[in-house]
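Report on one structure; see the data block that follows.
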Amino acid sequence: MGGALRRRPARAAVAGRRADAAGAACRRPVAPPRAAAVREALDAVVGVREAGMTNHRRLCPVRCPHPAPRDEAGRELAALEADIVRCRRCPRLVAWRESAAAAARGAFASQPYWARPVPGFGDPQARLVVVGLAPAAHGGNRTGRVFTGDRSGDWLFGALWRAGYANQPTSVARGDGLELKGAWVGAAVRCAPPANRPTPIERDTCLPYLARELELLHETVVIVALGGFACDAVARLFGVRPRPRFAHLAEHALPAGRTLLCSYHPSQQNTFTGRLTEPMFDAVFARARALGA
């Protein structure tokens, strides 16, 4: 009949091994339920490999206590940028950003649109990080650089230039010579949303990109949130409780000695009505300097 038949282990031995395994599992440290739930939710978001997203990298929550070395941070930021640009996780946003490009405004009709997610931009050694809501349909969605090609960008980079964070006050297109020193600009959501209103699911799907960005920008001491949406997004990433109150120039302490500094968004709705003025906006970045950024 060939070889001898293999005997099954005795039931008592099997039961003993199962008991030992269960005991070992019980002796392992168990994370608090809330932390485990947060980690599981982030893993579910970043673990999905959508079509076209090859060699996807794991994105860590901002609470990960292992900042990358300087040279490694630059490489990781470049890899993160590649992941962001390939992202197609939110069908509604994909459709909107591409339809906005197909229906280009008259002044931009002859220009090719980026029509992809927009990565962050700036100095990898930034002490100041500026977080906006999302790219504009005919701004960053057209030019491929955050806050570039629209009036909000004129206000932002003008203020950064006056505060000494930028080498020029304008941001027209990629390759226009703009450089940031000690500052980084990003967004809570990386695709242009309809009516500038991402859904909560779209926000949460995109937030791990900002989490990874903030982890790699390990010298950051001040995060300026432009608008209530960005303020809420940053607070969610850092687990701030109770949820911080949004107001212009409001400050909130973050873990690891960082500070969340709030500002009205430089949208035309705010700047045209006088809700946000240049002196008010300049005061935000003057305060960031005073806080060590």
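Residue numbers start at 1 in each chain; chains themselves are named A, B, ... in the order of the structure tokens; ligands are numbered from 1 in the order shown.
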Q | Within 12 Å of A:Ala136 using only C-alpha atoms, minus same-chain residues under 2 positions, as a VMD selection string | A | chain A and resid 96 to 97 100 to 101 113 to 118 132 to 134 138 to 153 187 189 to 197 267 to 268
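Between A:Gly186 and the candidates A:Ala137, A:Val222, A:Leu160, A:Val131, the tightest atom-to-atom separation, counting only C-alpha atoms, involves A:Val131.
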(Q) Could you list, as a list in words, every residue within 9 Å of A:Ala225, counting only C-alpha atoms and ignoring same-chain residues fewer than 6 positions away? (A)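 Contacts, with the query itself left out: Val129, Val130, Val131, Gly132, Leu133, Cys231, Asp232, Ala233, Val234, Leu260, Leu261, Cys262, Ser263, Tyr264 and His265 of chain A.
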Q. Could you pull out all residues of stretch 187-234 of chain A with a DSSP call of alpha helix (DSSP H) and give them as a PyMOL selection string?
A. chain A and resi 200-216+228-234
(Q) I need the residues of stretch 57-284 of chain A that end up classed as strand (DSSP E) by DSSP on the backbone, written out as JSON, numbers by chain. (A) {"A": [121, 122, 128, 129, 130, 131, 132, 183, 184, 185, 186, 187, 222, 223, 224, 225, 226, 251, 252, 253, 259, 260, 261, 262, 263]}
(Q) Which residues are close to A:Leu291, i.e. within 12 Å by only C-alpha atoms, leaving aside same-chain residues fewer than 6 positions away? Reply as a PyMOL selection string. (A) chain A and resi 127-128+220-224+251-253+257-261+284-285
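Using only C-alpha atoms, the shortest contact distance between A:Arg75 and any of A:Phe272, A:Glu213, A:Pro200, A:Val185 is found at A:Glu213.
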Q: Could you tell me which of A:Pro255, A:Pro124, A:Pro208, A:Pro135 comes closest to A:Gly239 if we count only C-alpha atoms?
A: A:Pro255
Q. Hey, can you check how far atom CA of A:Glu219 sits from atom CA of A:Ala82?
A. 22.2 Å
